[in-house]
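Here is the file upload.cif (mmCIF, C-alpha atoms and all ligand atoms).
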data_start
#
loop_
_atom_site.label_atom_id
_atom_site.label_comp_id
_atom_site.auth_asym_id
_atom_site.auth_seq_id
_atom_site.Cartn_x
_atom_site.Cartn_y
_atom_site.Cartn_z
CA MET O 1 62.15 83.61 -197.06
CA SER O 2 63.85 84.40 -193.79
CA ASN O 3 64.76 87.89 -194.98
CA THR O 4 62.92 90.74 -193.28
CA ASN O 5 62.81 92.27 -196.76
CA ASP O 6 59.73 90.11 -197.17
CA TRP O 7 58.03 92.06 -194.44
CA PRO O 8 56.69 95.30 -195.84
CA LEU O 9 57.22 98.66 -194.19
CA TRP O 10 54.23 100.27 -192.46
CA GLU O 11 53.72 103.88 -191.43
CA VAL O 12 52.31 104.25 -187.93
CA PHE O 13 49.83 106.91 -186.80
CA ILE O 14 48.75 107.33 -183.21
CA ARG O 15 45.86 109.16 -181.58
CA SER O 16 47.28 110.24 -178.26
CA LYS O 17 43.90 110.95 -176.73
CA GLN O 18 40.23 111.06 -177.58
CA GLY O 19 39.40 114.15 -179.61
CA LEU O 20 42.81 114.56 -181.23
CA ASN O 21 43.98 113.59 -184.72
CA HIS O 22 46.07 110.55 -185.41
CA LYS O 23 49.63 111.72 -185.84
CA HIS O 24 52.50 110.10 -187.73
CA VAL O 25 55.07 108.68 -185.31
CA GLY O 26 57.36 106.50 -187.43
CA SER O 27 57.41 103.21 -189.24
CA LEU O 28 58.08 99.53 -188.71
CA HIS O 29 58.21 96.20 -190.54
CA ALA O 30 55.51 93.57 -190.14
CA PRO O 31 54.07 90.71 -192.19
CA ASP O 32 50.49 92.02 -192.08
CA ALA O 33 48.31 94.79 -190.68
CA GLU O 34 47.41 92.89 -187.53
CA MET O 35 51.05 92.31 -186.62
CA ALA O 36 51.90 95.86 -187.60
CA ILE O 37 49.37 97.13 -185.05
CA LYS O 38 50.70 94.79 -182.37
CA ASN O 39 54.28 95.82 -183.06
CA ALA O 40 53.27 99.48 -183.11
CA ARG O 41 51.75 99.02 -179.67
CA ASP O 42 55.07 97.68 -178.35
CA VAL O 43 57.31 100.14 -180.16
CA TYR O 44 55.35 103.38 -179.97
CA THR O 45 53.00 103.18 -176.98
CA ARG O 46 54.97 101.75 -174.07
CA ARG O 47 53.97 104.66 -171.87
CA MET O 48 50.32 105.28 -172.70
CA GLU O 49 51.20 107.49 -175.65
CA GLY O 50 48.13 106.39 -177.52
CA ILE O 51 44.58 105.11 -177.45
CA SER O 52 44.25 104.30 -181.14
CA ILE O 53 46.66 103.13 -183.82
CA TRP O 54 46.48 103.35 -187.59
CA VAL O 55 48.93 101.53 -189.82
CA VAL O 56 49.26 102.04 -193.56
CA GLU O 57 51.63 100.13 -195.78
CA SER O 58 54.26 102.64 -196.84
CA VAL O 59 53.85 101.77 -200.53
CA HIS O 60 50.32 103.16 -200.34
CA MET O 61 51.46 106.57 -199.10
CA HIS O 62 51.57 109.29 -201.74
CA ALA O 63 53.16 112.62 -201.07
CA SER O 64 53.45 115.99 -202.72
CA SER O 65 56.92 116.81 -203.93
CA PRO O 66 58.79 119.41 -201.90
CA LEU O 67 60.21 120.87 -205.12
CA GLU O 68 56.81 121.80 -206.49
CA GLY O 69 55.87 123.19 -203.09
CA GLU O 70 55.95 126.77 -204.23
CA GLU O 71 53.67 126.32 -207.23
CA LEU O 72 51.39 124.09 -205.20
CA TYR O 73 50.79 126.54 -202.38
CA GLU O 74 51.47 129.80 -204.15
CA PRO O 75 47.89 130.32 -205.40
CA ALA O 76 46.77 130.71 -201.79
CA ASN O 77 49.33 133.39 -201.16
CA ASP O 78 47.54 136.34 -202.79
CA LYS O 79 44.05 135.41 -201.68
CA ILE O 80 44.08 137.56 -198.61
CA TYR O 81 40.29 137.95 -198.91
CA ARG O 82 40.09 134.42 -197.47
CA HIS O 83 41.13 135.79 -194.09
CA PRO O 84 38.78 137.56 -191.66
CA THR O 85 41.14 140.52 -191.24
CA PHE O 86 40.49 141.50 -194.88
CA TYR O 87 37.08 142.87 -193.89
CA ASP O 88 36.50 146.09 -191.98
CA ILE O 89 33.86 145.91 -189.31
CA PRO O 90 33.14 148.92 -187.05
CA GLU O 91 34.58 148.60 -183.58
CA GLU O 92 31.16 149.10 -181.98
CA ILE O 93 30.12 145.72 -183.31
CA GLY O 94 32.70 144.02 -181.13
CA HIS O 95 33.93 140.55 -181.80
CA MET O 96 32.68 138.94 -184.99
CA MET C 97 66.40 123.35 -210.61
CA SER C 98 70.17 123.37 -211.00
CA GLU C 99 72.40 121.49 -208.58
CA GLU C 100 73.80 124.83 -207.47
CA GLN C 101 70.38 126.22 -206.72
CA LEU C 102 69.44 123.07 -204.81
CA GLN C 103 72.63 123.31 -202.79
CA ARG C 104 71.86 126.97 -202.00
CA ASP C 105 68.31 126.09 -200.91
CA PHE C 106 69.63 123.32 -198.70
CA GLN C 107 72.17 125.63 -197.08
CA SER C 108 69.62 128.38 -196.50
CA LYS C 109 67.35 125.89 -194.74
CA LEU C 110 70.22 124.88 -192.46
CA ASP C 111 71.06 128.53 -191.80
CA ALA C 112 67.45 129.28 -190.88
CA GLU C 113 67.26 126.20 -188.61
CA ILE C 114 64.65 124.63 -190.85
CA ARG C 115 64.71 120.85 -190.64
CA ILE C 116 65.57 118.78 -193.69
CA GLU C 117 62.85 116.23 -194.44
CA PRO C 118 63.11 112.88 -196.27
CA LYS C 119 61.87 114.08 -199.67
CA ASP C 120 63.89 117.30 -199.64
CA TRP C 121 66.97 117.52 -201.80
CA MET C 122 70.16 116.92 -199.84
CA PRO C 123 73.82 116.49 -200.78
CA ASP C 124 74.87 112.86 -201.19
CA ASP C 125 77.45 113.13 -198.45
CA TYR C 126 74.91 114.54 -196.02
CA ARG C 127 72.71 111.53 -196.71
CA LYS C 128 75.64 109.12 -196.36
CA THR C 129 76.81 110.69 -193.13
CA LEU C 130 73.33 110.45 -191.68
CA ILE C 131 72.91 106.83 -192.75
CA ARG C 132 76.24 106.01 -191.11
CA GLN C 133 75.52 107.90 -187.91
CA ILE C 134 71.88 106.83 -187.47
CA SER C 135 72.58 103.16 -188.23
CA GLN C 136 75.54 103.14 -185.84
CA HIS C 137 73.32 104.72 -183.25
CA ALA C 138 70.58 102.12 -183.86
CA HIS C 139 73.08 99.26 -183.67
CA SER C 140 74.36 100.64 -180.36
CA GLU C 141 70.86 100.59 -178.89
CA ILE C 142 70.34 97.00 -180.01
CA VAL C 143 73.76 95.63 -179.02
CA GLY C 144 73.44 97.66 -175.83
CA MET C 145 70.65 95.35 -174.69
CA LEU C 146 73.09 92.46 -174.32
CA PRO C 147 75.29 93.52 -171.38
CA GLU C 148 72.23 94.32 -169.27
CA GLY C 149 70.15 91.42 -170.55
CA ASN C 150 72.85 89.32 -168.92
CA TRP C 151 71.56 90.28 -165.45
CA ILE C 152 67.78 90.21 -165.85
CA THR C 153 67.36 86.71 -164.44
CA ARG C 154 69.64 87.53 -161.51
CA ALA C 155 68.23 90.89 -160.47
CA PRO C 156 68.17 91.02 -156.67
CA SER C 157 64.49 91.91 -156.30
CA LEU C 158 61.30 92.04 -158.30
CA ARG C 159 61.44 95.84 -158.29
CA ARG C 160 64.91 95.82 -159.84
CA LYS C 161 63.91 93.12 -162.26
CA VAL C 162 60.87 94.87 -163.72
CA ALA C 163 62.89 98.08 -164.01
CA LEU C 164 65.72 96.33 -165.84
CA ILE C 165 63.35 94.53 -168.20
CA ALA C 166 61.58 97.81 -168.97
CA LYS C 167 64.89 99.53 -169.61
CA VAL C 168 66.19 96.83 -171.93
CA GLN C 169 62.86 96.84 -173.76
CA ASP C 170 63.16 100.61 -174.17
CA GLU C 171 66.57 100.14 -175.78
CA ALA C 172 64.98 97.79 -178.32
CA GLY C 173 62.43 100.53 -178.99
CA HIS C 174 65.21 103.11 -179.42
CA GLY C 175 66.89 100.87 -181.95
CA LEU C 176 63.62 100.60 -183.88
CA TYR C 177 62.90 104.36 -183.84
CA LEU C 178 66.37 104.88 -185.23
CA TYR C 179 66.20 102.19 -187.92
CA SER C 180 62.90 103.75 -188.92
CA ALA C 181 64.53 107.20 -189.20
CA MET C 182 67.38 105.68 -191.20
CA GLU C 183 65.00 104.00 -193.64
CA THR C 184 63.56 107.40 -194.57
CA LEU C 185 66.95 108.04 -196.20
CA GLY C 186 66.45 105.09 -198.54
CA GLU C 187 68.65 102.61 -196.72
CA PRO C 188 66.88 99.29 -196.00
CA ARG C 189 67.03 98.05 -192.44
CA SER C 190 67.98 94.55 -193.57
CA LYS C 191 71.12 95.92 -195.21
CA ALA C 192 72.12 97.86 -192.10
CA ILE C 193 71.68 94.74 -190.00
CA ASP C 194 73.72 92.65 -192.43
CA ASP C 195 76.49 95.25 -192.16
CA LEU C 196 76.39 94.97 -188.37
CA HIS C 197 76.56 91.19 -188.49
CA SER C 198 79.40 91.14 -191.00
CA GLY C 199 81.43 93.49 -188.83
CA LYS C 200 81.35 96.25 -191.44
CA ALA C 201 79.20 98.59 -189.35
CA LYS C 202 80.29 99.95 -186.00
CA TYR C 203 78.45 100.47 -182.74
CA SER C 204 79.40 102.17 -179.50
CA SER C 205 82.59 100.65 -178.09
CA ILE C 206 81.19 100.70 -174.54
CA PHE C 207 79.04 97.63 -175.16
CA ASN C 208 82.09 95.46 -175.72
CA TYR C 209 82.87 95.43 -172.01
CA PRO C 210 81.55 92.63 -169.82
CA THR C 211 79.01 93.02 -166.99
CA LEU C 212 80.67 91.17 -164.14
CA THR C 213 78.51 92.04 -161.14
CA TRP C 214 75.07 93.39 -160.31
CA ALA C 215 76.67 96.76 -159.59
CA ASP C 216 77.42 97.01 -163.30
CA MET C 217 73.68 97.51 -163.85
CA GLY C 218 73.96 100.56 -161.63
CA ALA C 219 77.11 101.86 -163.29
CA ILE C 220 75.70 101.37 -166.79
CA GLY C 221 72.42 103.12 -166.06
CA TRP C 222 74.13 106.00 -164.30
CA LEU C 223 77.22 106.45 -166.48
CA VAL C 224 76.53 104.87 -169.87
CA ASP C 225 72.97 106.13 -170.14
CA GLY C 226 74.13 109.38 -168.60
CA ALA C 227 76.72 109.79 -171.35
CA ALA C 228 74.16 108.75 -173.94
CA ILE C 229 71.78 111.46 -172.67
CA GLN C 230 74.56 114.04 -172.88
CA ASN C 231 75.00 113.06 -176.53
CA GLN C 232 71.34 112.72 -177.38
CA VAL C 233 69.79 115.85 -175.92
CA PRO C 234 71.47 118.12 -178.50
CA LEU C 235 70.53 115.62 -181.21
CA CYS C 236 66.88 116.53 -180.58
CA ARG C 237 67.82 119.66 -182.60
CA THR C 238 69.78 117.86 -185.28
CA SER C 239 69.09 119.12 -188.80
CA TYR C 240 67.44 115.98 -190.18
CA GLY C 241 63.78 115.91 -189.14
CA PRO C 242 63.16 112.17 -188.65
CA TYR C 243 66.38 111.79 -186.64
CA ALA C 244 65.52 114.76 -184.43
CA ARG C 245 62.02 113.43 -183.79
CA ALA C 246 63.33 109.96 -182.94
CA MET C 247 65.72 111.59 -180.47
CA VAL C 248 62.88 113.45 -178.76
CA ARG C 249 61.18 110.13 -178.07
CA VAL C 250 64.45 108.53 -176.94
CA CYS C 251 65.35 111.36 -174.58
CA LYS C 252 61.94 111.24 -172.90
CA GLU C 253 62.63 107.62 -172.01
CA GLU C 254 66.28 107.87 -171.07
CA SER C 255 65.93 109.77 -167.84
CA PHE C 256 64.32 106.78 -166.13
CA HIS C 257 67.28 104.68 -167.28
CA GLN C 258 69.80 106.92 -165.62
CA ARG C 259 67.79 107.35 -162.45
CA GLN C 260 67.28 103.61 -161.94
CA GLY C 261 71.03 103.10 -162.42
CA TYR C 262 71.98 105.81 -159.97
CA GLU C 263 69.51 104.43 -157.46
CA ILE C 264 71.20 101.03 -157.68
CA MET C 265 74.61 102.63 -157.09
CA MET C 266 73.29 104.72 -154.20
CA GLU C 267 71.72 101.69 -152.55
CA LEU C 268 74.91 99.64 -152.85
CA ALA C 269 77.10 102.54 -151.72
CA LYS C 270 75.20 102.80 -148.45
CA GLY C 271 75.05 99.02 -147.98
CA THR C 272 77.57 96.63 -146.40
CA PRO C 273 81.29 97.21 -147.01
CA ALA C 274 81.20 94.41 -149.57
CA GLN C 275 78.31 96.07 -151.40
CA LYS C 276 80.02 99.44 -151.37
CA ALA C 277 83.19 97.83 -152.71
CA MET C 278 81.16 96.27 -155.49
CA ALA C 279 79.76 99.66 -156.47
CA GLN C 280 83.22 101.21 -156.36
CA ASP C 281 84.64 98.44 -158.51
CA ALA C 282 81.91 98.94 -161.10
CA LEU C 283 82.57 102.68 -161.18
CA ASN C 284 86.30 102.00 -161.57
CA ARG C 285 85.73 99.77 -164.55
CA TRP C 286 83.06 101.84 -166.34
CA TRP C 287 84.37 105.35 -165.82
CA TRP C 288 87.01 105.52 -168.55
CA PRO C 289 85.02 103.60 -171.17
CA SER C 290 82.12 106.00 -170.49
CA LEU C 291 84.36 108.99 -171.24
CA MET C 292 85.40 107.29 -174.47
CA MET C 293 81.74 107.15 -175.55
CA PHE C 294 82.01 110.76 -176.73
CA GLY C 295 84.51 109.72 -179.37
CA PRO C 296 88.06 110.81 -180.13
CA PRO C 297 89.31 114.25 -179.07
CA ASP C 298 88.28 117.09 -181.37
CA LYS C 299 91.72 117.38 -182.89
CA ASP C 300 91.52 113.75 -184.12
CA SER C 301 87.84 113.56 -184.97
CA LYS C 302 87.58 113.30 -188.73
CA HIS C 303 83.81 113.80 -188.95
CA THR C 304 83.18 116.55 -186.42
CA ALA C 305 83.82 119.66 -188.52
CA GLN C 306 81.58 118.63 -191.41
CA SER C 307 78.86 117.31 -189.09
CA MET C 308 78.85 120.60 -187.19
CA ALA C 309 78.60 122.55 -190.47
CA TRP C 310 75.61 120.45 -191.46
CA LYS C 311 74.16 120.94 -187.98
CA ILE C 312 73.92 117.20 -187.53
CA LYS C 313 76.13 117.64 -184.48
CA ARG C 314 75.65 120.62 -182.20
CA HIS C 315 78.63 120.26 -179.86
CA THR C 316 82.07 118.74 -180.29
CA ASN C 317 83.14 115.49 -178.62
CA ASP C 318 85.32 117.31 -176.11
CA GLU C 319 82.58 119.77 -175.16
CA LEU C 320 80.14 116.95 -174.50
CA ARG C 321 82.71 114.95 -172.54
CA GLN C 322 83.54 117.93 -170.34
CA ALA C 323 79.87 118.61 -169.65
CA PHE C 324 79.39 114.97 -168.67
CA VAL C 325 82.35 114.99 -166.29
CA ASP C 326 81.18 118.24 -164.69
CA LYS C 327 77.73 116.82 -164.12
CA THR C 328 78.71 113.32 -163.02
CA VAL C 329 81.58 113.83 -160.57
CA PRO C 330 79.44 115.54 -157.90
CA GLN C 331 76.87 112.74 -158.26
CA GLY C 332 79.54 110.14 -157.49
CA GLU C 333 80.94 112.14 -154.59
CA PHE C 334 77.47 112.55 -153.16
CA ILE C 335 77.18 108.80 -152.65
CA GLY C 336 80.70 108.51 -151.27
CA LEU C 337 82.39 106.91 -154.27
CA THR C 338 85.68 107.97 -155.82
CA PHE C 339 86.77 108.20 -159.44
CA PRO C 340 89.72 106.21 -160.78
CA ASP C 341 91.60 109.32 -161.94
CA LYS C 342 94.28 110.96 -159.80
CA ASP C 343 94.24 114.06 -162.03
CA LEU C 344 90.54 114.67 -161.55
CA LYS C 345 89.99 117.94 -159.73
CA TRP C 346 87.84 121.04 -159.84
CA ASN C 347 89.45 123.93 -161.69
CA GLU C 348 88.04 127.08 -160.11
CA GLU C 349 89.40 129.31 -162.83
CA LYS C 350 87.90 127.40 -165.74
CA GLY C 351 84.74 126.45 -163.87
CA HIS C 352 85.24 122.86 -165.01
CA TYR C 353 86.84 119.68 -163.76
CA ASP C 354 90.29 118.84 -165.03
CA PHE C 355 90.71 115.17 -165.76
CA GLY C 356 93.48 112.78 -166.77
CA ASP C 357 94.45 111.50 -170.20
CA ILE C 358 92.18 108.97 -171.83
CA ASN C 359 93.77 105.79 -173.11
CA TRP C 360 92.91 106.20 -176.78
CA ASP C 361 94.88 103.12 -177.77
CA GLU C 362 92.38 101.08 -175.81
CA PHE C 363 89.51 102.88 -177.53
CA TYR C 364 90.81 102.22 -181.05
CA ASN C 365 91.64 98.66 -180.14
CA VAL C 366 88.07 98.01 -179.00
CA ILE C 367 86.65 99.73 -182.09
CA LYS C 368 88.81 97.49 -184.24
CA GLY C 369 87.13 94.46 -182.73
CA ASN C 370 89.58 93.51 -179.99
CA GLY C 371 87.56 94.48 -176.93
CA PRO C 372 86.75 91.85 -174.33
CA CYS C 373 83.30 91.05 -175.77
CA ASN C 374 83.21 92.14 -179.44
CA LYS C 375 83.01 88.61 -180.79
CA GLU C 376 80.47 87.50 -178.23
CA ARG C 377 78.19 90.47 -178.98
CA ILE C 378 78.10 89.92 -182.73
CA LYS C 379 77.70 86.20 -182.24
CA ALA C 380 74.68 86.85 -180.01
CA ARG C 381 73.12 89.21 -182.57
CA ARG C 382 73.63 86.73 -185.40
CA ALA C 383 72.21 83.90 -183.33
CA ALA C 384 69.16 86.01 -182.46
CA LYS C 385 68.51 86.57 -186.14
CA GLU C 386 69.12 82.98 -187.20
CA ASN C 387 67.21 81.38 -184.34
CA GLY C 388 64.27 83.70 -184.92
CA ALA C 389 64.10 82.97 -188.64
CA TRP C 390 61.40 80.33 -188.29
CA VAL C 391 59.18 82.76 -186.40
CA ARG C 392 59.51 85.37 -189.13
CA ASP C 393 58.90 82.76 -191.79
CA ALA C 394 55.81 81.46 -190.01
CA ALA C 395 54.41 84.97 -189.60
CA ALA C 396 55.00 85.71 -193.29
CA ALA C 397 53.40 82.40 -194.33
CA TYR C 398 50.40 83.09 -192.10
CA ALA C 399 49.99 86.59 -193.53
CA LYS C 400 50.09 85.14 -197.03
CA LYS C 401 47.54 82.46 -196.21
CA LYS C 402 45.16 85.03 -194.77
CA GLN C 403 45.57 87.22 -197.82
CA ASN C 404 44.85 84.30 -200.16
CA LYS C 405 41.72 83.48 -198.20
CA SER C 406 40.40 87.00 -198.42
CA THR C 407 41.04 87.20 -202.18
CA GLU C 408 39.28 83.83 -202.60
CA LYS C 409 36.29 85.18 -200.72
CA ALA C 410 36.23 88.31 -202.82
CA ALA C 411 36.38 86.29 -206.06
FE FE V 1 68.70 104.10 -175.50
FE FE V 2 69.01 103.99 -172.19
#
Please express the file's structure as structure tokens.
Ligand SMILES: [Fe+2]
Ligand SMILES: [Fe+2]
Amino acid sequence: MSNTNDWPLWEVFIRSKQGLNHKHVGSLHAPDAEMAIKNARDVYTRRMEGISIWVVESVHMHASSPLEGEELYEPANDKIYRHPTFYDIPEEIGHM
Amino acid sequence: MSEEQLQRDFQSKLDAEIRIEPKDWMPDDYRKTLIRQISQHAHSEIVGMLPEGNWITRAPSLRRKVALIAKVQDEAGHGLYLYSAMETLGEPRSKAIDDLHSGKAKYSSIFNYPTLTWADMGAIGWLVDGAAIQNQVPLCRTSYGPYARAMVRVCKEESFHQRQGYEIMMELAKGTPAQKAMAQDALNRWWWPSLMMFGPPDKDSKHTAQSMAWKIKRHTNDELRQAFVDKTVPQGEFIGLTFPDKDLKWNEEKGHYDFGDINWDEFYNVIKGNGPCNKERIKARRAAKENGAWVRDAAAAYAKKKQNKSTEKAA
């Protein structure tokens, strides 16, 4: 039981200041969520890098595959009418 | 997609300076090289805590003591950032650590030298961290995303390490004759091993060419070593210390310092395990793991107990 293999891997997300998103910073091993947060504090916020920490067990992370990236994002490519510049507005109107 | 196509995609990303990310396809050897380099780097951070840890209880003032503790703690953090980057390549941390403890994995040869006096804390911060910074700054642009990001964090923290070391040297160098002699002695002992930190000369470096092609490395060992010498010599002269190299002198024409031959036999001998402290370092790492086993077991048992309780409640 003394193998760290028994400690799952956790992904760590940190909010650097109020008003910003939590951002992925790395991972660490810990026996449970509480310890993962404590370890994350020591490993990733020694210099006030954060005011809030999220940890998620890595096995619960699901990701898109980079190989299907093109098909996944391609449909957005030709939908230029989703962008404001697609529409002509007379200059006299100013900023809209 | 065919292997060929994948290989072409990979290469075009490298050419365009686009980072490779964990789930991207990569050649097996690229992955292996990264696992080797990142784990060695992580081990160096962790083993590197030992020579300085040796002086924490004997730091000459509270100011020096808190600084040294903070620095050693940072090195633990660096090791963890790097193990974390390595694990994104599919290599478990526990395996890397077993390889370190069995002697299969290498770490920087510099940490196999003993820390004999307080001045060694100055010399290590100034020279060893200085050399590490020289190596690590270009690694912030290394082609593998998680490694590059770990290096950005590391580099942000390193500059305090070097400054606190140089401050120690400066203080000793302007102290009593005995203190100045202590600083000089530390510089004499750490100078050559610091130059060895950049690895064998380019002509003998078996990994450099491929690592440069993969943009894992951005400069050769000799380029980095020269840049370090050019930067460091004036810093030593400024505080009135001399370097233990009679061939060291400014070369106006080249715009660089010339320096003497490095004793590569010593380097290879230390790498092979015959440095003054190799056995002691690995013994200390193994003991740390074994003596901490009950803490890890207790934490795992506690986590399990809590989990059982919460499932009971839910049932
Ligand atoms: Fe470090
Ligand atoms: Fe450092």
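Using only C-alpha atoms, the nearest neighbour of chain O within the list C:Leu102, C:Leu344, C:Val224, C:Val143 is C:Leu102.
Contacts with ligand FE 1 (chain V) are defined as any residue atom within 7 Å of a ligand atom, using all atoms listed in the file; the residues meeting this criterion are Glu141, Asp170, Glu171, His174, Val250 and Glu254 of chain C.
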Same residues, C-alpha atoms, output as a PDB file, in the coordinates of the input:
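Output saved as selection_16.pdb:
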ATOM      1  CA  GLU C 141      70.860 100.590-178.890  1.00  0.00           C
ATOM      2  CA  ASP C 170      63.160 100.610-174.170  1.00  0.00           C
ATOM      3  CA  GLU C 171      66.570 100.140-175.780  1.00  0.00           C
ATOM      4  CA  HIS C 174      65.210 103.110-179.420  1.00  0.00           C
ATOM      5  CA  VAL C 250      64.450 108.530-176.940  1.00  0.00           C
ATOM      6  CA  GLU C 254      66.280 107.870-171.070  1.00  0.00           C
TER       7      GLU C 254
END
Neighbours of chain O in chain C at 10 Å, counting only C-alpha atoms, as an MDAnalysis selection string: chainID C and resid 97 102 117:121 166 169:170 172:181 183:184 188:191 242 245:246 249 253 385:386 388:400 402:403
Could you list, as a tab-separated table (two decimals) with C-alpha atoms, keeping the file's coordinate frame, all residues that come within 12 Å of ligand FE 2 (chain V)? Count only C-alpha atoms and all ligand atoms.
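Full text of selection-v2.tsv as output:
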chain	number	residue	atom	x	y	z
C	137	HIS	CA	73.32	104.72	-183.25
C	138	ALA	CA	70.58	102.12	-183.86
C	140	SER	CA	74.36	100.64	-180.36
C	141	GLU	CA	70.86	100.59	-178.89
C	142	ILE	CA	70.34	97.00	-180.01
C	143	VAL	CA	73.76	95.63	-179.02
C	144	GLY	CA	73.44	97.66	-175.83
C	145	MET	CA	70.65	95.35	-174.69
C	148	GLU	CA	72.23	94.32	-169.27
C	163	ALA	CA	62.89	98.08	-164.01
C	164	LEU	CA	65.72	96.33	-165.84
C	165	ILE	CA	63.35	94.53	-168.20
C	166	ALA	CA	61.58	97.81	-168.97
C	167	LYS	CA	64.89	99.53	-169.61
C	168	VAL	CA	66.19	96.83	-171.93
C	169	GLN	CA	62.86	96.84	-173.76
C	170	ASP	CA	63.16	100.61	-174.17
C	171	GLU	CA	66.57	100.14	-175.78
C	172	ALA	CA	64.98	97.79	-178.32
C	173	GLY	CA	62.43	100.53	-178.99
C	174	HIS	CA	65.21	103.11	-179.42
C	175	GLY	CA	66.89	100.87	-181.95
C	217	MET	CA	73.68	97.51	-163.85
C	220	ILE	CA	75.70	101.37	-166.79
C	221	GLY	CA	72.42	103.12	-166.06
C	222	TRP	CA	74.13	106.00	-164.30
C	223	LEU	CA	77.22	106.45	-166.48
C	224	VAL	CA	76.53	104.87	-169.87
C	225	ASP	CA	72.97	106.13	-170.14
C	226	GLY	CA	74.13	109.38	-168.60
C	227	ALA	CA	76.72	109.79	-171.35
C	228	ALA	CA	74.16	108.75	-173.94
C	229	ILE	CA	71.78	111.46	-172.67
C	230	GLN	CA	74.56	114.04	-172.88
C	231	ASN	CA	75.00	113.06	-176.53
C	232	GLN	CA	71.34	112.72	-177.38
C	247	MET	CA	65.72	111.59	-180.47
C	249	ARG	CA	61.18	110.13	-178.07
C	250	VAL	CA	64.45	108.53	-176.94
C	251	CYS	CA	65.35	111.36	-174.58
C	252	LYS	CA	61.94	111.24	-172.90
C	253	GLU	CA	62.63	107.62	-172.01
C	254	GLU	CA	66.28	107.87	-171.07
C	255	SER	CA	65.93	109.77	-167.84
C	256	PHE	CA	64.32	106.78	-166.13
C	257	HIS	CA	67.28	104.68	-167.28
C	258	GLN	CA	69.80	106.92	-165.62
C	259	ARG	CA	67.79	107.35	-162.45
C	260	GLN	CA	67.28	103.61	-161.94
C	261	GLY	CA	71.03	103.10	-162.42
Counting only C-alpha atoms, the option among C:Pro156, C:Gly199, C:Gly149, C:Gly241 closest to Ala215 (chain C): C:Pro156
One-decimal distance in Å that lies between CA of Pro340 (chain C) and CA of Lys276 (chain C):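 Computing the Euclidean distance for CA of Lys276 (chain C) and CA of Pro340 (chain C) yields 15.1 Å.
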Straight-line distance linking CA of Lys38 (chain O) with CA of Ile14 (chain O), stated in Å to one decimal: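 These two atoms are separated by 12.7 Å.
Nearest to Glu333 (chain C) of all the residues C:Asp281, C:Ala269, C:Gly295, C:Tyr364 is C:Ala269, counting only C-alpha atoms.
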Selected residue of minimal separation from Val56 (chain O) among O:Val12, O:Ala40, O:Met96, O:Leu72, counting only C-alpha atoms: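 Closest to Val56 (chain O) of all the choices is O:Val12.
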Residue neighbourhood Pro234 (chain C), 8 Å, all atoms listed in the file, exclusion window fewer than 4 positions, as a list in words: Gln230, Thr238, Lys313, Arg314 and His315 of chain C
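For the pair CA of Pro273 (chain C) and CA of Leu158 (chain C), the separation is 23.5 Å.
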Shell around Asp354 (chain C) at 12 Å using only C-alpha atoms, local window under 3 positions removed, as JSON, numbers by chain: {"C": [321, 322, 323, 325, 326, 329, 341, 342, 343, 344, 345, 346, 347, 348, 349, 350, 351, 357]}
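Proximity of C:Ile206, C:Met292, C:Met182, C:Ile134 to Trp360 (chain C), computed with all atoms listed in the file, is greatest for C:Met292.
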Nearby residues (all atoms listed in the file) at most 6 Å from region 208-212 of chain C, same-chain spacing under 5 positions excluded, as a VMD selection string: chain C and resid 147 371 to 374
Polymer residues at most 12 Å from Ala201 (chain C), all atoms listed in the file, same-chain spacing of 2 or more positions, as a list in words: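 With the cut-off at 12 Å, the set is Ile131, Arg132, Gln133, Ile134, Ser135, Gln136, His137, Ala138, His139, Ser140, Lys191, Ala192, Ile193, Asp194, Asp195, Leu196, His197, Ser198, Gly199, Tyr203, Ser204, Ser205, Ile367, Lys368, Gly369 and Ile378 of chain C.
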Which residue of C:Met265, C:Ala309, C:Ile335, C:Val233 approaches Gln107 (chain C) most closely, using all atoms listed in the file: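 Among C:Met265, C:Ala309, C:Ile335, C:Val233, it is C:Ala309 that comes nearest to Gln107 (chain C).
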